[in-house]
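The structure appears right after this line, and notes come after that.
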Amino acid sequence: MNSSDKGMDFKLDLLRRPRRLRRNASLRAMVRETRVGVDDLIAPLIVMDGEGEKQPVGSMPGLFRLGIADLVAECRELSELGVKAVAIFPFIDPSLKDPLGSEAENPDSLVLRAVRAIKRDAPQISVITDVALDPYTSHGHDGVLSPDGKDVLNDATVQRLCRMATLQAEAGVDIVAPSDMMDGRVGAIRETLDEEGFESTAIMAYSAKFASAYYGPYREAVGSASAAGTTLLDKKTYQLDPANRREAIMDALMDEEEGADFVMVKPAGAYLDIVRELRDASEVPVAAYQVSGEYAQIHAAAQLGWLDYEKTRDESLLAIKRAGADVILTYFAKEVAKSL
Ligand code: PBG
């Protein structure tokens, strides 16, 4: 085969050749537009009662339910790796659950004890707590049910959330994160915190939280998977319809007006258009939550040998950052922090 057979004599008359800047690693690094850094990462952690062995979560390889001592040790390790914040979720003993989620207002609840322990023994790391009733309710919903059991009562739920947020602020959290999607909860929580003297406690609002199938593994992790014998809990009366972009932006901007210090999009990977649009529309930092199902699917495909684990993991986070997220909640936080 001579050079003309290989097409080597053929020349396009091109002024612009974008490939010039892709020719080698240093050129590519120089023009790279997006980087994921350790400051971007928030590690969600699951805490359980008792000082027993940490418990693996089947559908989330590498994630464990941790007793408080292990949780504090994990926070120290994350902090040493440069991670700035953790988001704490409780695994509540089923015997403590009831239809109202009363345990959420126990001043000595698992989450509050965990927060105090972290603030005492790993004070460098910022602590975010979930303000939602679902870990505490026997039916698994994020609020108080109507008498016919078909709906979640908005205002009654918000009142409970305000008390929950106050207890968390008292325990010393830096950021409370309402993840329930009730209307008006950000404003009500802001007002309550201010009245109680916690005007410095920030609010990260789960603003554009979609009714997503990607939460499945998390519900196993915290034990809120089933409601009244059903396997997939239907939260469509309060979480957003995955079909709705405009409504998501509207709801998120309402949270901002009500005083949210961060607005969040959740899940992240399948909702990058929402992340971008919210980044362009909002004045406050945008958080994106790469949820349990996003984590699980990368692990599952990698276990089958169908995807390269680390490359897919890193690309998934880069895409979320590129879409406009200022911070990313991700179960990959620790290992990515190590790899940076
Ligand atoms: C609900 C809540 C959910 C997650 C965190 N808090 C979702 C839900 O059960 O509706 C999901 C997190 C994940 O999937 O990683 N308060």
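Here, A, B, ... name the chains of the structure tokens in the order displayed, residue numbers run from 1 inside each chain, and ligands are numbered from 1 in the same displayed order.
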Near Ile320 in chain A, within 7 Å and counting only C-alpha atoms, which residues show up once chain neighbours fewer than 5 positions away are dropped, as a PDB file with all heavy atoms, in the first residue's frame?
```pdb
ATOM      1  N   ALA A 268     -28.658  13.240  40.121  1.00  0.00           N
ATOM      2  CA  ALA A 268     -27.809  14.136  39.348  1.00  0.00           C
ATOM      3  C   ALA A 268     -27.669  13.687  37.895  1.00  0.00           C
ATOM      4  O   ALA A 268     -28.019  14.408  36.967  1.00  0.00           O
ATOM      5  CB  ALA A 268     -26.426  14.237  40.007  1.00  0.00           C
ATOM      6  N   GLY A 269     -27.167  12.483  37.693  1.00  0.00           N
ATOM      7  CA  GLY A 269     -26.720  12.052  36.367  1.00  0.00           C
ATOM      8  C   GLY A 269     -27.791  12.092  35.293  1.00  0.00           C
ATOM      9  O   GLY A 269     -27.521  12.470  34.145  1.00  0.00           O
ATOM     10  N   LEU A 272     -29.007  16.268  34.343  1.00  0.00           N
ATOM     11  CA  LEU A 272     -27.973  17.290  34.130  1.00  0.00           C
ATOM     12  C   LEU A 272     -28.538  18.543  33.472  1.00  0.00           C
ATOM     13  O   LEU A 272     -27.997  19.637  33.659  1.00  0.00           O
ATOM     14  CB  LEU A 272     -26.833  16.713  33.283  1.00  0.00           C
ATOM     15  CG  LEU A 272     -26.040  15.579  33.936  1.00  0.00           C
ATOM     16  CD1 LEU A 272     -24.897  15.140  33.031  1.00  0.00           C
ATOM     17  CD2 LEU A 272     -25.512  15.960  35.306  1.00  0.00           C
ATOM     18  N   ALA A 325     -22.849  21.959  38.666  1.00  0.00           N
ATOM     19  CA  ALA A 325     -22.925  21.756  40.119  1.00  0.00           C
ATOM     20  C   ALA A 325     -21.725  22.404  40.805  1.00  0.00           C
ATOM     21  O   ALA A 325     -20.590  22.275  40.338  1.00  0.00           O
ATOM     22  CB  ALA A 325     -22.953  20.258  40.431  1.00  0.00           C
TER      23      ALA A 325
END
```
Hey, which residues come within 6 Å of ligand 1 if we count only C-alpha atoms and all ligand atoms? Could you give them as a PDB file with all heavy atoms, in the first residue's frame?
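And here is the file that came out, result_29.pdb:
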```pdb
ATOM      1  N   ALA A 132     -36.147  15.163  57.298  1.00  0.00           N
ATOM      2  CA  ALA A 132     -37.227  14.426  56.635  1.00  0.00           C
ATOM      3  C   ALA A 132     -37.660  13.315  57.564  1.00  0.00           C
ATOM      4  O   ALA A 132     -36.868  12.816  58.372  1.00  0.00           O
ATOM      5  CB  ALA A 132     -36.770  13.837  55.308  1.00  0.00           C
ATOM      6  N   ASP A 134     -38.918  10.305  56.642  1.00  0.00           N
ATOM      7  CA  ASP A 134     -38.993   8.937  56.107  1.00  0.00           C
ATOM      8  C   ASP A 134     -38.177   7.882  56.852  1.00  0.00           C
ATOM      9  O   ASP A 134     -38.597   6.742  56.921  1.00  0.00           O
ATOM     10  CB  ASP A 134     -38.689   8.915  54.603  1.00  0.00           C
ATOM     11  CG  ASP A 134     -37.314   9.456  54.272  1.00  0.00           C
ATOM     12  OD1 ASP A 134     -37.060  10.644  54.527  1.00  0.00           O
ATOM     13  OD2 ASP A 134     -36.476   8.686  53.774  1.00  0.00           O
ATOM     14  N   SER A 179     -35.291  17.347  52.857  1.00  0.00           N
ATOM     15  CA  SER A 179     -35.319  16.517  51.648  1.00  0.00           C
ATOM     16  C   SER A 179     -36.711  15.970  51.381  1.00  0.00           C
ATOM     17  O   SER A 179     -36.883  14.998  50.660  1.00  0.00           O
ATOM     18  CB  SER A 179     -34.330  15.353  51.790  1.00  0.00           C
ATOM     19  OG  SER A 179     -34.774  14.449  52.767  1.00  0.00           O
ATOM     20  N   ASP A 180     -37.698  16.613  51.956  1.00  0.00           N
ATOM     21  CA  ASP A 180     -39.053  16.076  51.971  1.00  0.00           C
ATOM     22  C   ASP A 180     -39.925  16.538  50.809  1.00  0.00           C
ATOM     23  O   ASP A 180     -40.893  15.892  50.461  1.00  0.00           O
ATOM     24  CB  ASP A 180     -39.719  16.562  53.246  1.00  0.00           C
ATOM     25  CG  ASP A 180     -39.616  18.090  53.305  1.00  0.00           C
ATOM     26  OD1 ASP A 180     -38.495  18.592  53.505  1.00  0.00           O
ATOM     27  OD2 ASP A 180     -40.637  18.775  53.076  1.00  0.00           O
ATOM     28  N   TYR A 215     -33.491   5.867  43.667  1.00  0.00           N
ATOM     29  CA  TYR A 215     -33.314   5.860  45.117  1.00  0.00           C
ATOM     30  C   TYR A 215     -33.386   4.461  45.720  1.00  0.00           C
ATOM     31  O   TYR A 215     -33.208   4.298  46.926  1.00  0.00           O
ATOM     32  CB  TYR A 215     -34.391   6.718  45.818  1.00  0.00           C
ATOM     33  CG  TYR A 215     -34.500   8.142  45.348  1.00  0.00           C
ATOM     34  CD1 TYR A 215     -35.738   8.786  45.298  1.00  0.00           C
ATOM     35  CD2 TYR A 215     -33.374   8.856  44.959  1.00  0.00           C
ATOM     36  CE1 TYR A 215     -35.851  10.095  44.878  1.00  0.00           C
ATOM     37  CE2 TYR A 215     -33.485  10.173  44.522  1.00  0.00           C
ATOM     38  CZ  TYR A 215     -34.726  10.793  44.480  1.00  0.00           C
ATOM     39  OH  TYR A 215     -34.850  12.082  44.055  1.00  0.00           O
ATOM     40  N   TYR A 218     -30.698   3.155  48.249  1.00  0.00           N
ATOM     41  CA  TYR A 218     -30.662   3.942  49.491  1.00  0.00           C
ATOM     42  C   TYR A 218     -31.748   3.482  50.454  1.00  0.00           C
ATOM     43  O   TYR A 218     -31.537   3.378  51.655  1.00  0.00           O
ATOM     44  CB  TYR A 218     -30.851   5.419  49.174  1.00  0.00           C
ATOM     45  CG  TYR A 218     -31.173   6.298  50.370  1.00  0.00           C
ATOM     46  CD1 TYR A 218     -30.153   6.880  51.129  1.00  0.00           C
ATOM     47  CD2 TYR A 218     -32.491   6.552  50.749  1.00  0.00           C
ATOM     48  CE1 TYR A 218     -30.442   7.687  52.221  1.00  0.00           C
ATOM     49  CE2 TYR A 218     -32.794   7.349  51.830  1.00  0.00           C
ATOM     50  CZ  TYR A 218     -31.771   7.911  52.560  1.00  0.00           C
ATOM     51  OH  TYR A 218     -32.062   8.709  53.631  1.00  0.00           O
ATOM     52  N   ARG A 219     -32.909   3.193  49.891  1.00  0.00           N
ATOM     53  CA  ARG A 219     -34.016   2.796  50.765  1.00  0.00           C
ATOM     54  C   ARG A 219     -33.695   1.471  51.438  1.00  0.00           C
ATOM     55  O   ARG A 219     -34.114   1.241  52.566  1.00  0.00           O
ATOM     56  CB  ARG A 219     -35.323   2.775  49.985  1.00  0.00           C
ATOM     57  CG  ARG A 219     -35.709   4.199  49.573  1.00  0.00           C
ATOM     58  CD  ARG A 219     -37.027   4.267  48.850  1.00  0.00           C
ATOM     59  NE  ARG A 219     -37.272   5.606  48.330  1.00  0.00           N
ATOM     60  CZ  ARG A 219     -38.213   5.909  47.451  1.00  0.00           C
ATOM     61  NH1 ARG A 219     -38.992   4.956  46.982  1.00  0.00           N
ATOM     62  NH2 ARG A 219     -38.366   7.145  47.031  1.00  0.00           N
ATOM     63  N   VAL A 291     -27.114   9.877  43.389  1.00  0.00           N
ATOM     64  CA  VAL A 291     -27.807   9.033  44.371  1.00  0.00           C
ATOM     65  C   VAL A 291     -27.380   7.572  44.292  1.00  0.00           C
ATOM     66  O   VAL A 291     -26.593   7.156  43.428  1.00  0.00           O
ATOM     67  CB  VAL A 291     -29.343   9.150  44.233  1.00  0.00           C
ATOM     68  CG1 VAL A 291     -29.783  10.596  44.426  1.00  0.00           C
ATOM     69  CG2 VAL A 291     -29.830   8.586  42.907  1.00  0.00           C
ATOM     70  N   SER A 292     -27.967   6.812  45.204  1.00  0.00           N
ATOM     71  CA  SER A 292     -27.592   5.416  45.384  1.00  0.00           C
ATOM     72  C   SER A 292     -27.659   4.602  44.093  1.00  0.00           C
ATOM     73  O   SER A 292     -26.764   3.805  43.816  1.00  0.00           O
ATOM     74  CB  SER A 292     -28.488   4.794  46.447  1.00  0.00           C
ATOM     75  OG  SER A 292     -29.860   4.954  46.112  1.00  0.00           O
TER      76      SER A 292
END
```
Q: Pick out each residue of range 43-135 of chain A that DSSP on the backbone tags as strand (DSSP E or B); I need them as number ranges by chain.
A: A: 43-48, 55-56, 64-66, 85-91, 98, 126-131
Q | For Leu145 in chain A: contacts at 12 Å, only C-alpha atoms, fewer than 5 positions along chain excluded, given as a PyMOL selection string | A | chain A and resi 98-101+133-134+137-140+150-157+227+235+237
Q | range 190-195 of chain A environment, 9 Å, only C-alpha atoms, sequence neighbours closer than 4 positions dropped, as a list in words | A |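 In the requested format, the answer is Cys162, Arg163, Ala165, Thr166, Ala169, Arg185, Val186, Glu199, Ser200, Thr201, Ala202, Ile203, Glu258, Gly259 and Ala260 of chain A.
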Can you write just those residues out, N, CA, C and O atoms, as a PDB file, in the first residue's frame?
```pdb
ATOM      1  N   CYS A 162     -39.819  21.620  61.206  1.00  0.00           N
ATOM      2  CA  CYS A 162     -39.236  22.782  61.883  1.00  0.00           C
ATOM      3  C   CYS A 162     -38.643  22.373  63.226  1.00  0.00           C
ATOM      4  O   CYS A 162     -37.550  22.801  63.597  1.00  0.00           O
ATOM      5  N   ARG A 163     -39.365  21.505  63.944  1.00  0.00           N
ATOM      6  CA  ARG A 163     -38.848  21.048  65.244  1.00  0.00           C
ATOM      7  C   ARG A 163     -37.600  20.202  65.052  1.00  0.00           C
ATOM      8  O   ARG A 163     -36.619  20.304  65.776  1.00  0.00           O
ATOM      9  N   ALA A 165     -35.462  20.376  62.586  1.00  0.00           N
ATOM     10  CA  ALA A 165     -34.335  21.240  62.192  1.00  0.00           C
ATOM     11  C   ALA A 165     -33.778  21.976  63.404  1.00  0.00           C
ATOM     12  O   ALA A 165     -32.551  22.137  63.541  1.00  0.00           O
ATOM     13  N   THR A 166     -34.658  22.400  64.309  1.00  0.00           N
ATOM     14  CA  THR A 166     -34.196  23.099  65.508  1.00  0.00           C
ATOM     15  C   THR A 166     -33.331  22.180  66.368  1.00  0.00           C
ATOM     16  O   THR A 166     -32.260  22.574  66.846  1.00  0.00           O
ATOM     17  N   ALA A 169     -30.002  21.864  64.736  1.00  0.00           N
ATOM     18  CA  ALA A 169     -29.195  23.075  64.905  1.00  0.00           C
ATOM     19  C   ALA A 169     -28.621  23.133  66.318  1.00  0.00           C
ATOM     20  O   ALA A 169     -27.442  23.446  66.518  1.00  0.00           O
ATOM     21  N   ARG A 185     -41.549  24.627  53.187  1.00  0.00           N
ATOM     22  CA  ARG A 185     -40.776  24.189  54.361  1.00  0.00           C
ATOM     23  C   ARG A 185     -39.498  24.979  54.545  1.00  0.00           C
ATOM     24  O   ARG A 185     -39.061  25.195  55.674  1.00  0.00           O
ATOM     25  N   VAL A 186     -38.910  25.462  53.460  1.00  0.00           N
ATOM     26  CA  VAL A 186     -37.654  26.197  53.623  1.00  0.00           C
ATOM     27  C   VAL A 186     -37.896  27.498  54.386  1.00  0.00           C
ATOM     28  O   VAL A 186     -37.192  27.808  55.350  1.00  0.00           O
ATOM     29  N   GLU A 199     -29.594  31.638  63.582  1.00  0.00           N
ATOM     30  CA  GLU A 199     -29.570  32.337  62.294  1.00  0.00           C
ATOM     31  C   GLU A 199     -28.329  31.983  61.475  1.00  0.00           C
ATOM     32  O   GLU A 199     -28.295  32.200  60.266  1.00  0.00           O
ATOM     33  N   SER A 200     -27.308  31.395  62.107  1.00  0.00           N
ATOM     34  CA  SER A 200     -26.108  31.023  61.345  1.00  0.00           C
ATOM     35  C   SER A 200     -26.163  29.608  60.789  1.00  0.00           C
ATOM     36  O   SER A 200     -25.264  29.192  60.055  1.00  0.00           O
ATOM     37  N   THR A 201     -27.173  28.856  61.140  1.00  0.00           N
ATOM     38  CA  THR A 201     -27.289  27.505  60.578  1.00  0.00           C
ATOM     39  C   THR A 201     -27.840  27.624  59.155  1.00  0.00           C
ATOM     40  O   THR A 201     -28.881  28.245  58.935  1.00  0.00           O
ATOM     41  N   ALA A 202     -27.124  27.052  58.215  1.00  0.00           N
ATOM     42  CA  ALA A 202     -27.508  27.189  56.799  1.00  0.00           C
ATOM     43  C   ALA A 202     -28.524  26.127  56.391  1.00  0.00           C
ATOM     44  O   ALA A 202     -28.696  25.111  57.065  1.00  0.00           O
ATOM     45  N   ILE A 203     -29.183  26.396  55.281  1.00  0.00           N
ATOM     46  CA  ILE A 203     -30.153  25.437  54.732  1.00  0.00           C
ATOM     47  C   ILE A 203     -29.727  25.023  53.323  1.00  0.00           C
ATOM     48  O   ILE A 203     -29.535  25.869  52.442  1.00  0.00           O
ATOM     49  N   GLU A 258     -37.270  31.616  49.612  1.00  0.00           N
ATOM     50  CA  GLU A 258     -37.617  31.371  51.019  1.00  0.00           C
ATOM     51  C   GLU A 258     -36.386  31.354  51.919  1.00  0.00           C
ATOM     52  O   GLU A 258     -36.502  31.178  53.125  1.00  0.00           O
ATOM     53  N   GLY A 259     -35.202  31.467  51.320  1.00  0.00           N
ATOM     54  CA  GLY A 259     -34.008  31.569  52.154  1.00  0.00           C
ATOM     55  C   GLY A 259     -33.037  30.407  52.073  1.00  0.00           C
ATOM     56  O   GLY A 259     -32.137  30.296  52.902  1.00  0.00           O
ATOM     57  N   ALA A 260     -33.192  29.535  51.086  1.00  0.00           N
ATOM     58  CA  ALA A 260     -32.234  28.430  50.963  1.00  0.00           C
ATOM     59  C   ALA A 260     -30.840  28.975  50.655  1.00  0.00           C
ATOM     60  O   ALA A 260     -30.686  29.860  49.821  1.00  0.00           O
TER      61      ALA A 260
END
```
Q) From the list A:Gly197, A:Pro123, A:Gly187, A:Gly149, which residue is nearest Cys75 in chain A when using only C-alpha atoms? A) A:Pro123
Q) Restricting the calculation to only C-alpha atoms, which member of A:Glu51, A:Asp40, A:Glu170, A:Asp234 is positioned closest to Gly82 in chain A? A)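 Under the stated criterion, the closest residue is A:Asp40.
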Q: Please identify which residues in range 47-239 of chain A DSSP calls alpha helix (DSSP H) from the backbone, and express them as a VMD selection string.
A: chain A and resid 68 to 80 110 to 121 154 to 171 185 to 195 216 to 222
Q) So what do you get for CA of Tyr289 in chain A versus CA of Met181 in chain A, distance-wise? A) 14.8 Å
